[in-house]
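Trainee: Got a structure for you, written out below as structure tokens; questions coming shortly.
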Amino acid sequence: MRYRLKQIQCRPWTLSGLSVPLIESHYENNYGGALRRLNAITEQLESLDFAKTPAHVLNGLKREELVALNSTLLHELYFASLGGNGQPTTGMSEILARDFGSLERWRAEFRAMGYALGGGSGWVLLTYVPRDRRLINQYGSEHSQSIASGVPILALDMYEHAYHMDFGANARAYVDTFFRNLDWPALENRCEDAQTVPPPRLLEQPEFGDLQGIGVEEVKAMMAAGQRVQVIDVRPRHNVSRQQDIVEGVEWRDPERVQEWMGELSKSEPVVVYCAYGFQVGCKTAIKLREAGFDTKYVNSGHSGWKAIGSPVKMHL
Ligand SMILES: [Fe+2]
């Protein structure tokens, strides 16, 4: 299979402060070079007899394939990032404020990362992480560092070939020029596309039917908002005596004795139970409570999930 050169994703003559010869050289020599290398590596890999190929040959080719493919993809994204007027769109400003606190905060970090690579080399990327449904700024060194499952939506090339012809060693001026040419509407479109990538599927537990799990953040938000919810720690007794800690404001109840304590609960308020990691015990207890008429859910990450988000705990014993 041969990879094809893509038409340059911006119109070089419309850019402000980035010369046409710089962009053309970048496109032909670096983007084009990566793609030609990628095709040569692919051809070589296709001709290998893997049973007879020494490990070091295969290792080298697969590493180089990753470098060349990522370089190709990131250069396409880099050119597509340029060509705008640098004016942030409302939609993108809101998304960046959601994930970074504010547009300014995001821009300050991204820009500082670019400055910090002056005199060095690498990519600065804005990447969408489907698992957490959020954006993150990352470095991509050697073209091969990438966040597993991440979708890069903005790329700043900090290799010297991207700016030396116009800016010499003044990497800061290049980064500022990049921002002035940023195509925000195109970035927003890519962000919209990236956000359609679903997070990894949750564990299926068919033995528990349609029992609903709930995220620990959601429960915490309900409690913080003063919503009436009965949260109960139902870790097995041996687990509690080993770990000895419990989330503050939550009571522990023995899952073996659910029939004895369920009468103390109110049927007019939702019940949320959890065990250690969100599997068997929490689910079984939730089912028993549901069968008894309580509106019950289980926390799908259990006691560990509470601790992972920094909820204060106290000693139980
Ligand atoms: Fe480049």
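By order of appearance in the structure tokens: chains A, B, ..., then residues from 1 within every chain, and ligands from 1 in the order shown.
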Counting only C-alpha atoms and all ligand atoms, what residues are within 8 Å of ligand 1, given as a PyMOL selection string?

Mentor: chain A and resi 26-27+30-31+71+75+157-162

Trainee: Give me the residues within 8 Å of range 184-189 of chain A as a PyMOL selection string, counting only C-alpha atoms and dropping any in the same chain fewer than 3 places off.

Mentor: chain A and resi 80-81+84-89+91-92+153-154+192-193

Trainee: Considering only C-alpha atoms, return as a ChimeraX atom specification whatever protein or nucleic-acid residues lie within 9 Å of Gln195 in chain A, sequence-local ones (same chain, fewer than 5 positions apart) excluded.

Mentor: /A:128-130,133-134,190

Trainee: Would you mind exporting the chosen residues as a PDB file, in the first residue's frame, restricted to C-alpha atoms?

Mentor:
ATOM      1  CA  TYR A 128      -8.595  15.346  22.558  1.00  0.00           C
ATOM      2  CA  VAL A 129      -8.663  12.359  24.951  1.00  0.00           C
ATOM      3  CA  PRO A 130     -11.917  10.403  24.454  1.00  0.00           C
ATOM      4  CA  ARG A 133     -13.788  13.700  27.042  1.00  0.00           C
ATOM      5  CA  ARG A 134     -11.301  16.557  27.395  1.00  0.00           C
ATOM      6  CA  ARG A 190     -11.817  19.342  14.057  1.00  0.00           C
TER       7      ARG A 190
END

Trainee: Check the smallest atom-to-atom distance from each of A:His143, A:Lys220, A:Arg2, A:Lys314 to Leu74 in chain A using only C-alpha atoms, then report the winner.

Mentor: A:His143

Trainee: Compile the contact shell of Ala116 in chain A as a list in words: residues with an atom at most 12 Å away, counting only C-alpha atoms, same-chain residues fewer than 3 positions apart removed.

Mentor: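 Listing them by chain and then by number gives Ala108, Glu109, Phe110, Arg111, Ala112, Met113, Gly119, Gly120, Ser121, Gly122, Trp123, Val124, Tyr139, Met158, Asn170, Ala171, Arg172 and Val175 of chain A.
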
Trainee: Keeping only N, CA, C and O atoms, write the selected residues to a file as a PDB file, in the first residue's frame.

Mentor:
ATOM      1  N   ALA A 108      -1.744  30.482  27.231  1.00  0.00           N
ATOM      2  CA  ALA A 108      -0.495  30.731  27.962  1.00  0.00           C
ATOM      3  C   ALA A 108       0.330  29.450  28.058  1.00  0.00           C
ATOM      4  O   ALA A 108       1.545  29.469  27.856  1.00  0.00           O
ATOM      5  N   GLU A 109      -0.350  28.333  28.324  1.00  0.00           N
ATOM      6  CA  GLU A 109       0.404  27.071  28.451  1.00  0.00           C
ATOM      7  C   GLU A 109       0.942  26.629  27.093  1.00  0.00           C
ATOM      8  O   GLU A 109       2.111  26.276  26.951  1.00  0.00           O
ATOM      9  N   PHE A 110       0.086  26.649  26.077  1.00  0.00           N
ATOM     10  CA  PHE A 110       0.479  26.186  24.740  1.00  0.00           C
ATOM     11  C   PHE A 110       1.648  27.030  24.216  1.00  0.00           C
ATOM     12  O   PHE A 110       2.627  26.510  23.697  1.00  0.00           O
ATOM     13  N   ARG A 111       1.507  28.347  24.405  1.00  0.00           N
ATOM     14  CA  ARG A 111       2.554  29.258  23.917  1.00  0.00           C
ATOM     15  C   ARG A 111       3.869  29.023  24.673  1.00  0.00           C
ATOM     16  O   ARG A 111       4.936  28.941  24.067  1.00  0.00           O
ATOM     17  N   ALA A 112       3.774  28.887  25.998  1.00  0.00           N
ATOM     18  CA  ALA A 112       4.981  28.657  26.809  1.00  0.00           C
ATOM     19  C   ALA A 112       5.660  27.350  26.399  1.00  0.00           C
ATOM     20  O   ALA A 112       6.891  27.256  26.392  1.00  0.00           O
ATOM     21  N   MET A 113       4.865  26.348  26.056  1.00  0.00           N
ATOM     22  CA  MET A 113       5.445  25.069  25.621  1.00  0.00           C
ATOM     23  C   MET A 113       6.211  25.267  24.318  1.00  0.00           C
ATOM     24  O   MET A 113       7.277  24.696  24.106  1.00  0.00           O
ATOM     25  N   GLY A 119      15.245  26.299  20.267  1.00  0.00           N
ATOM     26  CA  GLY A 119      16.585  25.757  20.461  1.00  0.00           C
ATOM     27  C   GLY A 119      16.573  24.248  20.610  1.00  0.00           C
ATOM     28  O   GLY A 119      17.617  23.609  20.566  1.00  0.00           O
ATOM     29  N   GLY A 120      15.396  23.677  20.787  1.00  0.00           N
ATOM     30  CA  GLY A 120      15.263  22.219  20.812  1.00  0.00           C
ATOM     31  C   GLY A 120      14.444  21.811  19.608  1.00  0.00           C
ATOM     32  O   GLY A 120      14.532  22.443  18.560  1.00  0.00           O
ATOM     33  N   SER A 121      13.624  20.807  19.742  1.00  0.00           N
ATOM     34  CA  SER A 121      12.754  20.434  18.633  1.00  0.00           C
ATOM     35  C   SER A 121      11.620  19.573  19.142  1.00  0.00           C
ATOM     36  O   SER A 121      11.707  18.999  20.224  1.00  0.00           O
ATOM     37  N   GLY A 122      10.570  19.510  18.369  1.00  0.00           N
ATOM     38  CA  GLY A 122       9.420  18.684  18.744  1.00  0.00           C
ATOM     39  C   GLY A 122       8.127  19.356  18.328  1.00  0.00           C
ATOM     40  O   GLY A 122       8.132  20.416  17.705  1.00  0.00           O
ATOM     41  N   TRP A 123       7.033  18.713  18.689  1.00  0.00           N
ATOM     42  CA  TRP A 123       5.701  19.246  18.383  1.00  0.00           C
ATOM     43  C   TRP A 123       5.017  19.695  19.667  1.00  0.00           C
ATOM     44  O   TRP A 123       5.194  19.069  20.707  1.00  0.00           O
ATOM     45  N   VAL A 124       4.218  20.745  19.557  1.00  0.00           N
ATOM     46  CA  VAL A 124       3.280  21.078  20.633  1.00  0.00           C
ATOM     47  C   VAL A 124       1.895  20.786  20.062  1.00  0.00           C
ATOM     48  O   VAL A 124       1.540  21.296  18.992  1.00  0.00           O
ATOM     49  N   TYR A 139       3.483  17.491  24.471  1.00  0.00           N
ATOM     50  CA  TYR A 139       4.640  17.511  23.585  1.00  0.00           C
ATOM     51  C   TYR A 139       4.637  16.243  22.746  1.00  0.00           C
ATOM     52  O   TYR A 139       4.171  15.196  23.200  1.00  0.00           O
ATOM     53  N   MET A 158       7.795  22.719  16.055  1.00  0.00           N
ATOM     54  CA  MET A 158       8.905  23.459  16.658  1.00  0.00           C
ATOM     55  C   MET A 158      10.269  22.915  16.220  1.00  0.00           C
ATOM     56  O   MET A 158      11.270  23.140  16.894  1.00  0.00           O
ATOM     57  N   ASN A 170      14.958  33.082  16.480  1.00  0.00           N
ATOM     58  CA  ASN A 170      13.916  33.726  17.280  1.00  0.00           C
ATOM     59  C   ASN A 170      12.620  32.893  17.295  1.00  0.00           C
ATOM     60  O   ASN A 170      11.626  33.217  16.637  1.00  0.00           O
ATOM     61  N   ALA A 171      12.673  31.827  18.073  1.00  0.00           N
ATOM     62  CA  ALA A 171      11.538  30.902  18.124  1.00  0.00           C
ATOM     63  C   ALA A 171      10.287  31.570  18.699  1.00  0.00           C
ATOM     64  O   ALA A 171       9.165  31.245  18.304  1.00  0.00           O
ATOM     65  N   ARG A 172      10.475  32.499  19.617  1.00  0.00           N
ATOM     66  CA  ARG A 172       9.319  33.157  20.243  1.00  0.00           C
ATOM     67  C   ARG A 172       8.508  33.935  19.205  1.00  0.00           C
ATOM     68  O   ARG A 172       7.272  33.900  19.196  1.00  0.00           O
ATOM     69  N   VAL A 175       6.458  31.529  17.223  1.00  0.00           N
ATOM     70  CA  VAL A 175       5.278  31.030  17.948  1.00  0.00           C
ATOM     71  C   VAL A 175       4.168  32.088  17.921  1.00  0.00           C
ATOM     72  O   VAL A 175       2.990  31.778  17.670  1.00  0.00           O
TER      73      VAL A 175
END

Trainee: How would you write, as a list in words, the set of residues in range 34-218 of chain A that DSSP gives as strand (DSSP E or B)?

Mentor: Leu82, Trp123, Val124, Leu125, Leu126, Thr127, Tyr128, Val129, Arg134, Leu135, Ile136, Asn137, Gln138, Tyr139, Gly140, Val151, Pro152, Ile153, Leu154, Ala155, Leu156, Asp157, Leu182, Gly213 and Ile214 of chain A

Trainee: Would you output that residue set with N, CA and C atoms, as a compact mmCIF listing (two decimals), in the first residue's frame?

Mentor:
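As a result, selection_24.txt now contains:
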# COMPACT_ATOMS: atom_id res chain seq x y z
N LEU A 82 -3.02 26.48 10.09
CA LEU A 82 -2.72 27.84 9.64
C LEU A 82 -3.74 28.32 8.61
N TRP A 123 7.03 18.71 18.69
CA TRP A 123 5.70 19.25 18.38
C TRP A 123 5.02 19.69 19.67
N VAL A 124 4.22 20.74 19.56
CA VAL A 124 3.28 21.08 20.63
C VAL A 124 1.90 20.79 20.06
N LEU A 125 1.16 19.95 20.76
CA LEU A 125 -0.14 19.51 20.24
C LEU A 125 -1.26 19.78 21.23
N LEU A 126 -2.41 20.11 20.69
CA LEU A 126 -3.64 20.13 21.48
C LEU A 126 -4.38 18.87 21.08
N THR A 127 -4.61 18.01 22.06
CA THR A 127 -5.13 16.66 21.76
C THR A 127 -6.39 16.38 22.55
N TYR A 128 -7.35 15.76 21.89
CA TYR A 128 -8.59 15.35 22.56
C TYR A 128 -8.43 13.91 23.07
N VAL A 129 -8.77 13.70 24.35
CA VAL A 129 -8.66 12.36 24.95
C VAL A 129 -10.08 11.82 25.19
N ARG A 134 -11.90 15.24 27.18
CA ARG A 134 -11.30 16.56 27.39
C ARG A 134 -10.07 16.75 26.53
N LEU A 135 -9.66 18.01 26.43
CA LEU A 135 -8.47 18.36 25.66
C LEU A 135 -7.28 18.50 26.59
N ILE A 136 -6.08 18.24 26.03
CA ILE A 136 -4.85 18.41 26.82
C ILE A 136 -3.76 18.89 25.88
N ASN A 137 -2.87 19.75 26.38
CA ASN A 137 -1.68 20.15 25.61
C ASN A 137 -0.59 19.12 25.86
N GLN A 138 0.09 18.71 24.81
CA GLN A 138 1.15 17.71 24.99
C GLN A 138 2.33 18.01 24.08
N TYR A 139 3.48 17.49 24.47
CA TYR A 139 4.64 17.51 23.58
C TYR A 139 4.64 16.24 22.75
N GLY A 140 5.17 16.32 21.54
CA GLY A 140 5.36 15.14 20.71
C GLY A 140 6.79 15.14 20.20
N VAL A 151 -6.70 12.27 19.97
CA VAL A 151 -6.90 12.81 18.63
C VAL A 151 -6.33 14.22 18.59
N PRO A 152 -5.13 14.42 17.98
CA PRO A 152 -4.58 15.77 17.94
C PRO A 152 -5.42 16.66 17.03
N ILE A 153 -5.72 17.88 17.50
CA ILE A 153 -6.55 18.77 16.68
C ILE A 153 -5.82 20.07 16.35
N LEU A 154 -4.66 20.29 16.95
CA LEU A 154 -3.87 21.49 16.64
C LEU A 154 -2.39 21.12 16.79
N ALA A 155 -1.57 21.53 15.79
CA ALA A 155 -0.16 21.14 15.83
C ALA A 155 0.72 22.34 15.55
N LEU A 156 1.68 22.56 16.45
CA LEU A 156 2.69 23.59 16.26
C LEU A 156 4.03 22.89 16.07
N ASP A 157 4.62 23.08 14.90
CA ASP A 157 5.89 22.44 14.55
C ASP A 157 7.03 23.28 15.12
N LEU A 182 -3.56 31.46 13.20
CA LEU A 182 -4.32 30.26 13.57
C LEU A 182 -5.75 30.31 12.98
N GLY A 213 -25.01 1.89 36.85
CA GLY A 213 -23.83 2.38 37.56
C GLY A 213 -23.83 3.90 37.51
N ILE A 214 -23.11 4.50 38.43
CA ILE A 214 -23.01 5.97 38.44
C ILE A 214 -21.55 6.32 38.73

Trainee: For range 34-50 of chain A, please output as a list of chain:residue names all residues within 9 Å (counting only C-alpha atoms; exclusion window: fewer than 4 positions along the same chain).

Mentor: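 Here the answer would be A:Met1, A:Arg2, A:Tyr3, A:Arg4, A:Leu5, A:Asn29, A:Asn30, A:Pro54, A:Leu58, A:Leu61, A:Lys62, A:Glu64, A:Glu65, A:Leu66, A:Val67, A:Ala68, A:Leu69, A:Asn70, A:Ser71, A:Thr72.
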
Trainee: Going by DSSP on the backbone, which bits of range 41-140 of chain A are alpha helix (DSSP H)? Write them as a ChimeraX atom specification, please.

Mentor: /A:41-46,55-81,90-100,103-116

Trainee: How would the residues just picked look written out with C-alpha atoms as a PDB file, in the first residue's frame?

Mentor:
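Here's the written file part39.pdb:
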ATOM      1  CA  ILE A  41       9.740   1.745   4.664  1.00  0.00           C
ATOM      2  CA  THR A  42       6.315   0.303   3.823  1.00  0.00           C
ATOM      3  CA  GLU A  43       7.686  -1.256   0.650  1.00  0.00           C
ATOM      4  CA  GLN A  44      10.571  -2.782   2.556  1.00  0.00           C
ATOM      5  CA  LEU A  45       8.263  -4.163   5.251  1.00  0.00           C
ATOM      6  CA  GLU A  46       5.993  -5.700   2.614  1.00  0.00           C
ATOM      7  CA  ALA A  55      14.892  -8.715  15.277  1.00  0.00           C
ATOM      8  CA  HIS A  56      17.035  -5.581  14.983  1.00  0.00           C
ATOM      9  CA  VAL A  57      16.024  -5.087  11.341  1.00  0.00           C
ATOM     10  CA  LEU A  58      12.333  -5.392  12.136  1.00  0.00           C
ATOM     11  CA  ASN A  59      12.678  -3.195  15.236  1.00  0.00           C
ATOM     12  CA  GLY A  60      14.420  -0.473  13.260  1.00  0.00           C
ATOM     13  CA  LEU A  61      11.888  -0.502  10.430  1.00  0.00           C
ATOM     14  CA  LYS A  62       8.839  -0.456  12.684  1.00  0.00           C
ATOM     15  CA  ARG A  63      10.302   2.429  14.711  1.00  0.00           C
ATOM     16  CA  GLU A  64      11.065   4.384  11.556  1.00  0.00           C
ATOM     17  CA  GLU A  65       7.611   3.610  10.180  1.00  0.00           C
ATOM     18  CA  LEU A  66       6.041   5.149  13.293  1.00  0.00           C
ATOM     19  CA  VAL A  67       8.254   8.240  13.051  1.00  0.00           C
ATOM     20  CA  ALA A  68       7.544   8.751   9.338  1.00  0.00           C
ATOM     21  CA  LEU A  69       3.799   8.126   9.633  1.00  0.00           C
ATOM     22  CA  ASN A  70       3.390  10.462  12.618  1.00  0.00           C
ATOM     23  CA  SER A  71       5.525  13.109  10.933  1.00  0.00           C
ATOM     24  CA  THR A  72       3.292  12.860   7.857  1.00  0.00           C
ATOM     25  CA  LEU A  73       0.071  13.121   9.856  1.00  0.00           C
ATOM     26  CA  LEU A  74       1.286  15.932  12.104  1.00  0.00           C
ATOM     27  CA  HIS A  75       2.579  17.996   9.186  1.00  0.00           C
ATOM     28  CA  GLU A  76      -0.836  17.729   7.537  1.00  0.00           C
ATOM     29  CA  LEU A  77      -2.392  18.942  10.785  1.00  0.00           C
ATOM     30  CA  TYR A  78       0.181  21.732  11.112  1.00  0.00           C
ATOM     31  CA  PHE A  79      -0.625  23.185   7.678  1.00  0.00           C
ATOM     32  CA  ALA A  80      -4.338  22.808   8.400  1.00  0.00           C
ATOM     33  CA  SER A  81      -3.842  24.774  11.625  1.00  0.00           C
ATOM     34  CA  THR A  90     -16.875  31.551  20.716  1.00  0.00           C
ATOM     35  CA  GLY A  91     -17.347  27.774  20.545  1.00  0.00           C
ATOM     36  CA  MET A  92     -13.640  27.018  20.885  1.00  0.00           C
ATOM     37  CA  SER A  93     -13.233  29.601  23.652  1.00  0.00           C
ATOM     38  CA  GLU A  94     -15.953  27.840  25.642  1.00  0.00           C
ATOM     39  CA  ILE A  95     -14.427  24.393  25.134  1.00  0.00           C
ATOM     40  CA  LEU A  96     -10.963  25.618  26.163  1.00  0.00           C
ATOM     41  CA  ALA A  97     -12.421  27.372  29.209  1.00  0.00           C
ATOM     42  CA  ARG A  98     -14.135  24.089  30.158  1.00  0.00           C
ATOM     43  CA  ASP A  99     -10.876  22.118  30.020  1.00  0.00           C
ATOM     44  CA  PHE A 100      -8.227  24.689  30.997  1.00  0.00           C
ATOM     45  CA  LEU A 103      -8.967  30.555  26.829  1.00  0.00           C
ATOM     46  CA  GLU A 104      -6.089  32.706  28.121  1.00  0.00           C
ATOM     47  CA  ARG A 105      -4.883  29.951  30.440  1.00  0.00           C
ATOM     48  CA  TRP A 106      -4.862  27.420  27.582  1.00  0.00           C
ATOM     49  CA  ARG A 107      -3.066  29.857  25.283  1.00  0.00           C
ATOM     50  CA  ALA A 108      -0.495  30.731  27.962  1.00  0.00           C
ATOM     51  CA  GLU A 109       0.404  27.071  28.451  1.00  0.00           C
ATOM     52  CA  PHE A 110       0.479  26.186  24.740  1.00  0.00           C
ATOM     53  CA  ARG A 111       2.554  29.258  23.917  1.00  0.00           C
ATOM     54  CA  ALA A 112       4.981  28.657  26.809  1.00  0.00           C
ATOM     55  CA  MET A 113       5.445  25.069  25.621  1.00  0.00           C
ATOM     56  CA  GLY A 114       6.356  26.400  22.160  1.00  0.00           C
ATOM     57  CA  TYR A 115       8.803  28.920  23.614  1.00  0.00           C
ATOM     58  CA  ALA A 116      10.337  26.188  25.736  1.00  0.00           C
TER      59      ALA A 116
END

Trainee: For Gly293 in chain A, find every residue with an atom within 12 Å (counting only C-alpha atoms), except residues of its own chain fewer than 3 positions away, and show them as a PyMOL selection string.

Mentor: chain A and resi 262-263+265-271+286-290+296

Trainee: Please measure the separation of CA of Glu260 in chain A and CA of Tyr277 in chain A, giving the value in Å to one decimal.

Mentor: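 CA of Tyr277 in chain A lies 24.0 Å from CA of Glu260 in chain A.
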
Trainee: Have a look at CA of Val20 in chain A and CA of Asp166 in chain A and let me know their distance in Å, one decimal.

Mentor: 10.0 Å

Trainee: Neighbouring residues of Pro206 in chain A were defined as those with any atom within 12 Å, considering only C-alpha atoms; residues of the same chain fewer than 6 positions away were excluded. Please report them as a ChimeraX atom specification.

Mentor: /A:212,279-280,283

Trainee: Emit the selected residues as a compact mmCIF listing (two decimals), in the first residue's frame, including N, CA and C atoms.

Mentor:
# COMPACT_ATOMS: atom_id res chain seq x y z
N GLN A 212 -28.07 0.13 37.09
CA GLN A 212 -27.34 1.31 36.62
C GLN A 212 -26.15 1.66 37.51
N PHE A 279 -17.44 -3.88 41.66
CA PHE A 279 -17.91 -5.12 41.04
C PHE A 279 -19.02 -5.78 41.86
N GLN A 280 -18.77 -7.06 42.16
CA GLN A 280 -19.81 -7.95 42.70
C GLN A 280 -20.62 -7.42 43.90
N CYS A 283 -22.85 -4.34 43.40
CA CYS A 283 -23.96 -4.65 42.49
C CYS A 283 -25.00 -5.53 43.16

Trainee: Please determine, counting only C-alpha atoms, which residue among A:Trp13, A:Tyr298, A:Trp306, A:Trp261 has the shortest atom-to-atom distance to Val273 in chain A.

Mentor: A:Tyr298

Trainee: What is the CA of Arg180 in chain A-CA of Thr14 in chain A distance in Å, reported with one decimal?

Mentor: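 If I compute the distance from CA of Arg180 in chain A to CA of Thr14 in chain A, I get 12.0 Å.
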